[in-house]
Amino acid sequence: MSTVTLKKVCKTFGEGELAVHALKDVDLEIKAGGFLCLSGPSGSGKSTLLNMVGGLDRPTSGEITVADKRIDLMSKSELAEIRLHNIGFIFQAYNLIPVLTARENVEFVMQLQGIPTEERHQKSTNILREVGLEGLEDRKPLELSGGQQQRVAVARALVSEPALILADEPTANLDSTNAENLMNLLRHLNDDHKITFLISTHDKLVMSHARRLLKLHDGQIIDDIQQR
Amino acid sequence: MDPNIAHPQAGTGGGDAYHMMIKTLPLLSALGWRNLWRRPKRTFVILFAITLGVWFMIVSAGMMIGIIEQQVRDMIFNLTGHAQVHHPDYRDDPAIEHSMLLPSKKLQAVLNSAEVKQWSSRVRLPAVVMSERESRGVMLVGIEPLREQGLSFIGEPVVAGRALQSIDDNGIVIGRRMAEKLETQIGKRIVVMAQDKHGEVADRGFRIVGLYQAELEATETGYIFTGLSTAQKLLGMSEISEISLITENRDEIDSLVARLSAAEPQLATQSWTELEPLMVTALEVYDNFMIIWYLIIFAAMAFGLINTMLMSVFERTREIGLFQALGMRPSFIVIQVMIETLMLLLIGITLGNLAGWFTIDVIFADGIDLTQFARGLDAFQMSSIMTFQLEARDIVTINIMVIALGLLASLYPAAKAARYIPIEAITRT
Ligand SMILES: Nc1ncnc2c1ncn2[C@@H]1O[C@H](COP(=O)(O)OP(=O)(O)OP(=O)(O)O)[C@@H](O)[C@H]1O
Ligand SMILES: [Mg+2]
């Protein structure tokens with residue numbers, strides 16, 4: 001059984017001579033509990049693929065199924081709902097809501113889900129401790145370093161334990177120690193909570209943690225390697 | 001199906017979405033409030049604009065309503081009263097044969113009830129007045145001088161000579177400008193001619209004992225006053241032409257008119273709104289004008305408001321994309337922007353109301369003295385002190401209108417924000 005299925009997914013930006021074929025007939029099946037890494041040169045379509053799976057953008061053609069639902073056919077509200085309950089995002093750069101504190105950023109999704117204050121508070125406290133941000137709960141994003149911000153974003157993606165987490169170059173702004181810590185955390189969550197991960201990266205360190213490594217080139221999957 | 005995957009209540013029914021929205025309100029409000037203070041300068045500018053607009057609406061409404069009220073009061077004081085009782089044909093043809101008997105016990109019982117502040121009987125019939133040089137058509141009014149006090153202007157002190165003192169007073173009081181027209185003065189005699197009860201012409205000389213001043217020139221040249229009994233004697237009648245009254249409270253007029261009609265169904269009892277339909281029409285025109293006036297001021301305000309919210313939303317494009325990526329429904333984004341606007345509106349309105357109250361009830365509590373311009377204003381029949389007047393109804397209208405239309409205006413920027421495509425919004429730099 002699979003969490004995510006892509007069938008003949010194409011994504012073209014622009015039209016005519018200026019058209020960019022970011023994804024070309026991509027077929028992909030991701031099993032529940034997988035830990036996938038997407039690598040490939042810049043412009044190969046990694047972010048585009050992630051965005052399609054997360055319903056942040058629509059494919060030009062092809063079918064995308066997430067949690068047994070055809071998300072390419074969904075309305076904006078339905079997509080928002082799917083994301084809210086099933087998918088966690090970690091973006092490369094712009095991740096946090098500037099007017100909210102670290103804790104409020106982490107609780108944001110839970111608040112949208114309607115989780116009661118007590119439970120929310122407990123969960124956010126725990127997860128912030130887990131990502132090593134104890135004591136920094138009440139800082140606004142601008143008062144945190146890049147690595148700390150990234151960890152808040154990770155905490156937010158993890159806290160409601162979605163079935164699937166999409167991470168677009170999560171270590172791009174981190175030093176190697178922080179990157180290693182983050183990857184260990186993600187692996188641990190994958191092992192213990194069976195959360196499915198789909199991570200795009202240029203980072204060898206990230207690739208080394210992957211159970212399955214996909215190589216993208218010019219919008220096509222050219223390699224699909226199972227690791228440990 | 002994958003057991004790991006949480007299943008959102010498919011489609012989320014209306015009631016569910018409503019509950020979710022209620023639960024999310026604290027979050028949306030916190031976001032709205034903090035967003036306002038991200039750009040304090042911009043927020044202060046738009047707050048100032050809303051405050052100014054509301055202040056201007058309130059003060060201009062207070063001024064206009066003050067002027068209108070003054071005119072209504074003048075009209076009521078100009079012999080009309082709050083209501084009148086007549087012979088049913090008197091209003092069409094104010095002739096002596098359309099007189100009525102003195103008020104019956106039943107009618108008196110109603111007239112003397114607590115709601116009535118003052119009432120009086122009058123003879124009011126057409127006559128011709130002649131001086132040595134001129135003659136003019138007028139209304140001869142026989143009054144009960146003491147009962148006219150507080151009921152009409154003729155109960156007030158006169159500007160020259162003396163006022164009438166009793167129903168038997170056989171002096172005559174005429175308007176200041178009437179004296180000019182007749183080229184006569186206090187102490188001189190004039191002759192009044194009118195048709196008496198038997199259809200004969202009755203006439204009699206009167207000594208001018210006082211000159212009165214009224215708001216309107218037409219009043220001063222239209223009415224001459226003498227004692228009620230004196231007038232009745234001249235015309236050979238024991239009847240009266242009208243009863244005029246004022247109530248303690250204008251809200252009581254309609255019920256009082258109903259009771260008077262019930263007491264004397266064969267007589268015609270009418271409130272001032274029936275007696276002066278033109279004034280009522282004018283008031284309606286004013287009301288509509290006020291709404292248009294408010295809308296014009298609001299339009300200027302809305303322009304600033306929409307602009308501010310558009311800028312604010314545009315600046316937050318990426319953030320709004322992030323909201324959506326994290327699972328915030330587009331409708332919640334609309335609500336978030338509207339809450340932010342509502343906060344602006346509520347603060348602006350509160351300040352505007354306070355400023356309006358301060359202007360009207362503190363700075364100009366005694367009205368604006370226009371005495372130095374009074375000569376010019378006299379021609380417009382305005383009194384020389386302009387007072388502000390506002391009723392709760394007007395303030396409520398202004399506030400509800402600003403909030404409702406303000407929220408309506410915010411729909412445009414809000415909808416714009418909700419239409420952002422998440423990924424384009426996020427990747428925009
Ligand atoms: N909104 C867009 N409009 C036009 N072209 C786009 C758009 N987004 C992506 N592209 C193009 O699609 C292709 C794939 O882009 P994508 O961002 O998926 O690459 P990537 O593999 O994530 O690259 P990087 O490693 O640099 O992040 C690129 O050629 C890019 O220029
Ligand atoms: Mg990318």
# chains A, B, ... in the order shown; residues from 1 in each chain; ligands from 1
$ closest_atom_pairs --of "segment 2-115 of chain B" --to "segment 125-140 of chain B" --cutoff "7 Å" --atoms "only C-alpha atoms" --output "JSON lines"
{"residue": "B:Pro94", "atom": "CA", "partner": "B:Leu125", "partner_atom": "CA", "distance": 6.3}
{"residue": "B:Ala95", "atom": "CA", "partner": "B:Leu125", "partner_atom": "CA", "distance": 6.3}
{"residue": "B:Ile96", "atom": "CA", "partner": "B:Leu125", "partner_atom": "CA", "distance": 6.7}
$ residues_near_ligand --ligand "ligand 2" --cutoff "9 Å" --atoms "only C-alpha atoms and all ligand atoms" --output "ChimeraX atom specification"
/A:42-48,50,92,168-169,200-201
$ write_last_selection --atoms "N, CA and C atoms" --output "PDB file, in the first residue's frame"
ATOM      1  N   SER A  42      20.615  21.525  -9.767  1.00  0.00           N
ATOM      2  CA  SER A  42      19.699  22.655  -9.662  1.00  0.00           C
ATOM      3  C   SER A  42      18.851  22.756 -10.920  1.00  0.00           C
ATOM      4  N   GLY A  43      17.566  22.927 -10.754  1.00  0.00           N
ATOM      5  CA  GLY A  43      16.666  23.047 -11.899  1.00  0.00           C
ATOM      6  C   GLY A  43      16.171  21.720 -12.411  1.00  0.00           C
ATOM      7  N   SER A  44      16.510  20.613 -11.727  1.00  0.00           N
ATOM      8  CA  SER A  44      16.097  19.308 -12.228  1.00  0.00           C
ATOM      9  C   SER A  44      14.632  19.001 -11.889  1.00  0.00           C
ATOM     10  N   GLY A  45      14.012  19.800 -10.995  1.00  0.00           N
ATOM     11  CA  GLY A  45      12.590  19.615 -10.727  1.00  0.00           C
ATOM     12  C   GLY A  45      12.273  19.084  -9.339  1.00  0.00           C
ATOM     13  N   LYS A  46      13.252  19.114  -8.421  1.00  0.00           N
ATOM     14  CA  LYS A  46      13.024  18.570  -7.079  1.00  0.00           C
ATOM     15  C   LYS A  46      11.922  19.332  -6.342  1.00  0.00           C
ATOM     16  N   SER A  47      12.056  20.653  -6.290  1.00  0.00           N
ATOM     17  CA  SER A  47      11.053  21.451  -5.584  1.00  0.00           C
ATOM     18  C   SER A  47       9.692  21.292  -6.245  1.00  0.00           C
ATOM     19  N   THR A  48       9.693  21.295  -7.563  1.00  0.00           N
ATOM     20  CA  THR A  48       8.430  21.161  -8.291  1.00  0.00           C
ATOM     21  C   THR A  48       7.726  19.863  -7.910  1.00  0.00           C
ATOM     22  N   LEU A  50       8.058  18.099  -5.174  1.00  0.00           N
ATOM     23  CA  LEU A  50       7.581  18.205  -3.786  1.00  0.00           C
ATOM     24  C   LEU A  50       6.286  19.030  -3.707  1.00  0.00           C
ATOM     25  N   GLN A  92      12.751  25.362   2.423  1.00  0.00           N
ATOM     26  CA  GLN A  92      14.160  25.678   2.456  1.00  0.00           C
ATOM     27  C   GLN A  92      14.438  26.970   3.210  1.00  0.00           C
ATOM     28  N   ASP A 168      11.981  20.478   1.785  1.00  0.00           N
ATOM     29  CA  ASP A 168      12.721  20.970   0.621  1.00  0.00           C
ATOM     30  C   ASP A 168      14.047  21.556   1.096  1.00  0.00           C
ATOM     31  N   GLU A 169      15.120  20.824   0.865  1.00  0.00           N
ATOM     32  CA  GLU A 169      16.458  21.216   1.289  1.00  0.00           C
ATOM     33  C   GLU A 169      16.483  21.687   2.746  1.00  0.00           C
ATOM     34  N   SER A 200      14.082  16.715  -0.444  1.00  0.00           N
ATOM     35  CA  SER A 200      14.924  17.071  -1.583  1.00  0.00           C
ATOM     36  C   SER A 200      16.219  17.664  -1.045  1.00  0.00           C
ATOM     37  N   THR A 201      17.305  17.383  -1.724  1.00  0.00           N
ATOM     38  CA  THR A 201      18.586  17.875  -1.187  1.00  0.00           C
ATOM     39  C   THR A 201      19.721  17.839  -2.202  1.00  0.00           C
TER      40      THR A 201
END
$ residues_near_ligand --ligand "ligand 1" --cutoff "12 Å" --atoms "only C-alpha atoms and all ligand atoms" --output "PyMOL selection string"
(chain A and resi 10-15+18-24+38-52+56-58+91-93+167-170+172+199-203+215-221) or (chain B and resi 421-429)
$ write_last_selection --atoms "C-alpha atoms" --output "mmCIF file, in the first residue's frame"
data_model
loop_
_atom_site.group_PDB
_atom_site.id
_atom_site.type_symbol
_atom_site.label_atom_id
_atom_site.label_comp_id
_atom_site.auth_asym_id
_atom_site.auth_seq_id
_atom_site.Cartn_x
_atom_site.Cartn_y
_atom_site.Cartn_z
ATOM 1 C CA CYS A 10 3.994 16.518 -16.178
ATOM 2 C CA LYS A 11 4.518 20.077 -15.144
ATOM 3 C CA THR A 12 5.209 22.760 -17.688
ATOM 4 C CA PHE A 13 5.841 26.382 -16.799
ATOM 5 C CA GLY A 14 5.129 28.956 -19.460
ATOM 6 C CA GLU A 15 3.995 28.367 -23.013
ATOM 7 C CA LEU A 18 9.445 29.745 -23.449
ATOM 8 C CA ALA A 19 7.916 26.577 -21.981
ATOM 9 C CA VAL A 20 9.970 24.902 -19.254
ATOM 10 C CA HIS A 21 9.222 21.227 -18.744
ATOM 11 C CA ALA A 22 10.003 20.942 -15.037
ATOM 12 C CA LEU A 23 8.584 17.403 -14.760
ATOM 13 C CA LYS A 24 8.248 14.945 -17.628
ATOM 14 C CA LEU A 38 15.384 13.422 -4.015
ATOM 15 C CA SER A 39 18.692 14.555 -5.396
ATOM 16 C CA GLY A 40 19.670 16.144 -8.652
ATOM 17 C CA PRO A 41 21.230 19.244 -10.096
ATOM 18 C CA SER A 42 19.699 22.655 -9.662
ATOM 19 C CA GLY A 43 16.666 23.047 -11.899
ATOM 20 C CA SER A 44 16.097 19.308 -12.228
ATOM 21 C CA GLY A 45 12.590 19.615 -10.727
ATOM 22 C CA LYS A 46 13.024 18.570 -7.079
ATOM 23 C CA SER A 47 11.053 21.451 -5.584
ATOM 24 C CA THR A 48 8.430 21.161 -8.291
ATOM 25 C CA LEU A 49 7.885 17.489 -7.493
ATOM 26 C CA LEU A 50 7.581 18.205 -3.786
ATOM 27 C CA ASN A 51 5.109 21.008 -4.405
ATOM 28 C CA MET A 52 2.961 18.754 -6.590
ATOM 29 C CA LEU A 56 0.841 23.534 -3.433
ATOM 30 C CA ASP A 57 0.715 23.588 -7.209
ATOM 31 C CA ARG A 58 -1.189 21.599 -9.805
ATOM 32 C CA PHE A 91 10.695 24.695 3.369
ATOM 33 C CA GLN A 92 14.160 25.678 2.456
ATOM 34 C CA ALA A 93 13.991 29.297 3.509
ATOM 35 C CA ALA A 167 11.128 18.775 3.266
ATOM 36 C CA ASP A 168 12.721 20.970 0.621
ATOM 37 C CA GLU A 169 16.458 21.216 1.289
ATOM 38 C CA PRO A 170 15.971 21.252 5.068
ATOM 39 C CA ALA A 172 20.589 24.142 3.317
ATOM 40 C CA ILE A 199 13.287 15.158 1.221
ATOM 41 C CA SER A 200 14.924 17.071 -1.583
ATOM 42 C CA THR A 201 18.586 17.875 -1.187
ATOM 43 C CA HIS A 202 21.995 18.609 -2.615
ATOM 44 C CA ASP A 203 23.557 17.511 0.635
ATOM 45 C CA LYS A 215 17.998 10.965 -8.798
ATOM 46 C CA LEU A 216 16.263 13.570 -10.890
ATOM 47 C CA HIS A 217 17.578 15.030 -14.105
ATOM 48 C CA ASP A 218 15.741 17.436 -16.405
ATOM 49 C CA GLY A 219 12.412 16.543 -14.871
ATOM 50 C CA GLN A 220 12.861 12.794 -15.089
ATOM 51 C CA ILE A 221 13.781 10.145 -12.564
ATOM 52 C CA ILE B 421 -1.468 30.371 -5.167
ATOM 53 C CA PRO B 422 0.517 29.057 -2.193
ATOM 54 C CA ILE B 423 3.714 28.091 -3.929
ATOM 55 C CA GLU B 424 3.955 31.216 -6.037
ATOM 56 C CA ALA B 425 3.388 33.221 -2.915
ATOM 57 C CA ILE B 426 6.058 31.413 -0.957
ATOM 58 C CA THR B 427 8.730 31.445 -3.614
ATOM 59 C CA ARG B 428 8.214 35.108 -4.413
ATOM 60 C CA THR B 429 11.099 37.102 -3.042
#
$ interface_residues --of "chain B" --to "chain A" --cutoff "6 Å" --atoms "only C-alpha atoms" --output "ChimeraX atom specification"
/B:4-5,23-24,326-329,422-423
$ write_last_selection --atoms "C-alpha atoms" --output "PDB file, in the first residue's frame"
ATOM      1  CA  ASN B   4      -1.173   6.313   9.452  1.00  0.00           C
ATOM      2  CA  ILE B   5      -3.201   8.805   7.591  1.00  0.00           C
ATOM      3  CA  LYS B  23     -12.023  27.706  17.522  1.00  0.00           C
ATOM      4  CA  THR B  24      -9.616  29.470  15.215  1.00  0.00           C
ATOM      5  CA  LEU B 326       0.172  24.814   6.472  1.00  0.00           C
ATOM      6  CA  GLY B 327      -3.465  24.061   5.816  1.00  0.00           C
ATOM      7  CA  MET B 328      -5.314  27.294   6.420  1.00  0.00           C
ATOM      8  CA  ARG B 329      -8.402  27.365   4.262  1.00  0.00           C
ATOM      9  CA  PRO B 422       0.517  29.057  -2.193  1.00  0.00           C
ATOM     10  CA  ILE B 423       3.714  28.091  -3.929  1.00  0.00           C
TER      11      ILE B 423
END
$ closest_residue --among "B:Gln389, B:Ser238, B:Asn399, B:Thr184" --to "Asp366 of chain B" --atoms "only C-alpha atoms"
B:Gln389
$ residues_around --residues "segment 286-292 of chain B" --least-positions-apart "2" --cutoff "12 Å" --atoms "only C-alpha atoms" --output "MDAnalysis selection string"
chainID B and resid 57:69 279:284 294:299 393:394 397:398 401:402
$ write_last_selection --atoms "C-alpha atoms" --output "CSV table (one decimal), in the first residue's frame"
chain,number,residue,atom,x,y,z
B,57,MET,CA,-19.8,62.5,10.2
B,58,ILE,CA,-20.8,63.0,13.8
B,59,VAL,CA,-20.1,66.7,13.9
B,60,SER,CA,-21.7,67.5,10.6
B,61,ALA,CA,-24.7,65.4,11.5
B,62,GLY,CA,-25.0,67.2,14.9
B,63,MET,CA,-24.9,70.5,13.1
B,64,MET,CA,-27.4,69.6,10.5
B,65,ILE,CA,-29.8,68.0,13.0
B,66,GLY,CA,-29.4,71.0,15.3
B,67,ILE,CA,-30.4,73.3,12.5
B,68,ILE,CA,-33.3,71.1,11.4
B,69,GLU,CA,-34.5,70.7,15.0
B,279,MET,CA,-42.0,70.2,7.0
B,280,VAL,CA,-42.3,66.4,7.2
B,281,THR,CA,-41.3,66.1,3.6
B,282,ALA,CA,-38.3,68.4,4.3
B,283,LEU,CA,-37.3,66.2,7.2
B,284,GLU,CA,-37.4,63.1,5.0
B,294,TYR,CA,-22.3,60.0,5.2
B,295,LEU,CA,-21.6,57.9,2.1
B,296,ILE,CA,-19.5,60.6,0.5
B,297,ILE,CA,-17.3,60.9,3.6
B,298,PHE,CA,-17.2,57.1,3.9
B,299,ALA,CA,-16.1,56.8,0.3
B,393,ARG,CA,-30.2,56.8,16.4
B,394,ASP,CA,-27.9,59.0,14.3
B,397,THR,CA,-26.5,54.7,12.1
B,398,ILE,CA,-23.1,56.2,11.6
B,401,MET,CA,-22.7,52.1,8.5
B,402,VAL,CA,-19.0,52.6,8.9
$ residues_around --residues "segment 175-183 of chain A" --least-positions-apart "4" --cutoff "7 Å" --atoms "only C-alpha atoms" --output "PDB file with all heavy atoms, in the first residue's frame"
ATOM      1  N   THR A 171      18.418  21.153   5.155  1.00  0.00           N
ATOM      2  CA  THR A 171      19.709  21.421   5.794  1.00  0.00           C
ATOM      3  C   THR A 171      20.486  22.540   5.112  1.00  0.00           C
ATOM      4  O   THR A 171      21.604  22.853   5.507  1.00  0.00           O
ATOM      5  CB  THR A 171      20.590  20.156   5.795  1.00  0.00           C
ATOM      6  OG1 THR A 171      20.769  19.757   4.431  1.00  0.00           O
ATOM      7  CG2 THR A 171      19.962  19.030   6.578  1.00  0.00           C
ATOM      8  N   ARG A 187      15.251  10.701  11.102  1.00  0.00           N
ATOM      9  CA  ARG A 187      15.335   9.240  11.007  1.00  0.00           C
ATOM     10  C   ARG A 187      14.648   8.572  12.181  1.00  0.00           C
ATOM     11  O   ARG A 187      13.912   7.589  12.044  1.00  0.00           O
ATOM     12  CB  ARG A 187      16.800   8.785  10.946  1.00  0.00           C
ATOM     13  CG  ARG A 187      17.349   8.590   9.545  1.00  0.00           C
ATOM     14  CD  ARG A 187      16.527   7.591   8.738  1.00  0.00           C
ATOM     15  NE  ARG A 187      16.820   6.206   9.051  1.00  0.00           N
ATOM     16  CZ  ARG A 187      17.725   5.478   8.411  1.00  0.00           C
ATOM     17  NH1 ARG A 187      18.402   5.979   7.414  1.00  0.00           N
ATOM     18  NH2 ARG A 187      17.926   4.220   8.755  1.00  0.00           N
ATOM     19  N   VAL A 206      22.613  14.266   3.825  1.00  0.00           N
ATOM     20  CA  VAL A 206      21.189  13.909   3.823  1.00  0.00           C
ATOM     21  C   VAL A 206      20.988  12.619   3.027  1.00  0.00           C
ATOM     22  O   VAL A 206      20.300  11.703   3.464  1.00  0.00           O
ATOM     23  CB  VAL A 206      20.345  15.054   3.233  1.00  0.00           C
ATOM     24  CG1 VAL A 206      18.878  14.648   3.134  1.00  0.00           C
ATOM     25  CG2 VAL A 206      20.497  16.321   4.062  1.00  0.00           C
TER      26      VAL A 206
END
$ select_by_dssp --residues "segment 217-300 of chain B" --states "strand (DSSP E)" --output "count of residues only"
15
$ atom_distance --atom1 "atom CA of Trp119 of chain B" --atom2 "atom CA of Ala83 of chain B"
9.5 Å
$ atom_distance --atom1 "atom CA of Glu391 of chain B" --atom2 "atom CA of Ser255 of chain B"
21.9 Å
$ residues_around --residues "Asp169 of chain B" --least-positions-apart "2" --cutoff "9 Å" --atoms "only C-alpha atoms" --output "compact mmCIF listing (two decimals) with all heavy atoms, in the first residue's frame"
# COMPACT_ATOMS: atom_id res chain seq x y z
N LEU B 164 -50.26 91.21 25.69
CA LEU B 164 -51.66 91.13 26.13
C LEU B 164 -51.69 90.50 27.52
O LEU B 164 -50.83 89.69 27.87
CB LEU B 164 -52.47 90.28 25.14
CG LEU B 164 -52.58 90.87 23.73
CD1 LEU B 164 -53.17 89.84 22.78
CD2 LEU B 164 -53.42 92.14 23.74
N GLN B 165 -52.69 90.89 28.32
CA GLN B 165 -52.68 90.43 29.71
C GLN B 165 -53.80 89.49 30.07
O GLN B 165 -53.66 88.67 30.97
CB GLN B 165 -52.68 91.64 30.64
CG GLN B 165 -51.26 92.12 30.88
CD GLN B 165 -51.15 93.61 31.09
OE1 GLN B 165 -52.16 94.33 31.15
NE2 GLN B 165 -49.93 94.08 31.19
N SER B 166 -54.91 89.60 29.39
CA SER B 166 -56.03 88.73 29.74
C SER B 166 -56.89 88.50 28.51
O SER B 166 -56.69 89.13 27.47
CB SER B 166 -56.88 89.37 30.84
OG SER B 166 -57.57 90.47 30.30
N ILE B 167 -57.88 87.63 28.67
CA ILE B 167 -58.75 87.37 27.52
C ILE B 167 -59.63 88.58 27.23
O ILE B 167 -60.17 88.70 26.14
CB ILE B 167 -59.62 86.10 27.74
CG1 ILE B 167 -60.45 86.20 29.01
CG2 ILE B 167 -58.75 84.85 27.78
CD1 ILE B 167 -61.46 85.06 29.15
N GLY B 171 -56.58 95.73 23.90
CA GLY B 171 -55.51 96.27 23.08
C GLY B 171 -55.21 95.30 21.95
O GLY B 171 -55.74 94.18 21.91
N ILE B 172 -54.36 95.72 21.03
CA ILE B 172 -53.97 94.80 19.96
C ILE B 172 -52.45 94.77 19.84
O ILE B 172 -51.79 95.79 20.07
CB ILE B 172 -54.66 95.17 18.62
CG1 ILE B 172 -54.68 93.96 17.68
CG2 ILE B 172 -53.99 96.35 17.94
CD1 ILE B 172 -55.83 94.00 16.70
N THR B 226 -55.36 89.79 19.82
CA THR B 226 -56.07 90.51 20.88
C THR B 226 -56.59 89.47 21.86
O THR B 226 -56.36 88.26 21.69
CB THR B 226 -57.22 91.37 20.28
OG1 THR B 226 -57.78 92.18 21.31
CG2 THR B 226 -58.30 90.50 19.68
N GLY B 227 -57.31 89.93 22.91
CA GLY B 227 -57.84 88.98 23.88
C GLY B 227 -58.91 88.10 23.26
O GLY B 227 -59.63 88.52 22.35
N LEU B 228 -59.03 86.87 23.74
CA LEU B 228 -60.00 85.93 23.19
C LEU B 228 -61.42 86.48 23.28
O LEU B 228 -62.17 86.49 22.30
CB LEU B 228 -59.89 84.59 23.93
CG LEU B 228 -60.86 83.49 23.50
CD1 LEU B 228 -60.59 83.05 22.07
CD2 LEU B 228 -60.78 82.28 24.43
N SER B 229 -61.82 86.97 24.45
CA SER B 229 -63.18 87.48 24.64
C SER B 229 -63.43 88.71 23.79
O SER B 229 -64.51 88.88 23.22
CB SER B 229 -63.41 87.85 26.11
OG SER B 229 -63.36 86.71 26.90
N THR B 230 -62.39 89.55 23.70
CA THR B 230 -62.52 90.75 22.89
C THR B 230 -62.84 90.38 21.44
O THR B 230 -63.73 90.96 20.82
CB THR B 230 -61.21 91.56 22.95
OG1 THR B 230 -60.84 91.71 24.32
CG2 THR B 230 -61.38 92.91 22.31
$ residues_around --residues "Gly161 of chain B" --least-positions-apart "6" --cutoff "12 Å" --atoms "only C-alpha atoms" --output "PyMOL selection string"
chain B and resi 171-176+185-188+207-213
$ write_last_selection --atoms "C-alpha atoms" --output "mmCIF file, in the first residue's frame"
data_model
loop_
_atom_site.group_PDB
_atom_site.id
_atom_site.type_symbol
_atom_site.label_atom_id
_atom_site.label_comp_id
_atom_site.auth_asym_id
_atom_site.auth_seq_id
_atom_site.Cartn_x
_atom_site.Cartn_y
_atom_site.Cartn_z
ATOM 1 C CA GLY B 171 -55.507 96.275 23.083
ATOM 2 C CA ILE B 172 -53.972 94.798 19.956
ATOM 3 C CA VAL B 173 -50.477 93.401 19.424
ATOM 4 C CA ILE B 174 -49.116 93.405 15.873
ATOM 5 C CA GLY B 175 -45.872 92.353 14.249
ATOM 6 C CA ARG B 176 -42.933 94.724 14.096
ATOM 7 C CA GLN B 185 -46.694 102.668 15.685
ATOM 8 C CA ILE B 186 -47.438 101.849 19.299
ATOM 9 C CA GLY B 187 -50.212 103.937 20.798
ATOM 10 C CA LYS B 188 -51.872 104.619 17.443
ATOM 11 C CA ARG B 207 -55.139 100.719 20.154
ATOM 12 C CA ILE B 208 -51.769 99.140 19.379
ATOM 13 C CA VAL B 209 -50.336 98.211 22.751
ATOM 14 C CA GLY B 210 -47.351 96.071 21.693
ATOM 15 C CA LEU B 211 -45.172 94.925 18.827
ATOM 16 C CA TYR B 212 -43.982 91.342 18.584
ATOM 17 C CA GLN B 213 -41.115 89.789 16.725
#
$ residues_around --residues "Glu137 of chain A" --least-positions-apart "2" --cutoff "6 Å" --atoms "only C-alpha atoms" --output "PyMOL selection string"
chain A and resi 102-103+135+139
$ select_by_dssp --residues "segment 177-267 of chain B" --states "helix (DSSP H, G or I)" --output "PyMOL selection string"
chain B and resi 177-182+217-222+228-235+250-263
$ atom_distance --atom1 "atom CA of Tyr223 of chain B" --atom2 "atom CA of Ile143 of chain B"
11.7 Å
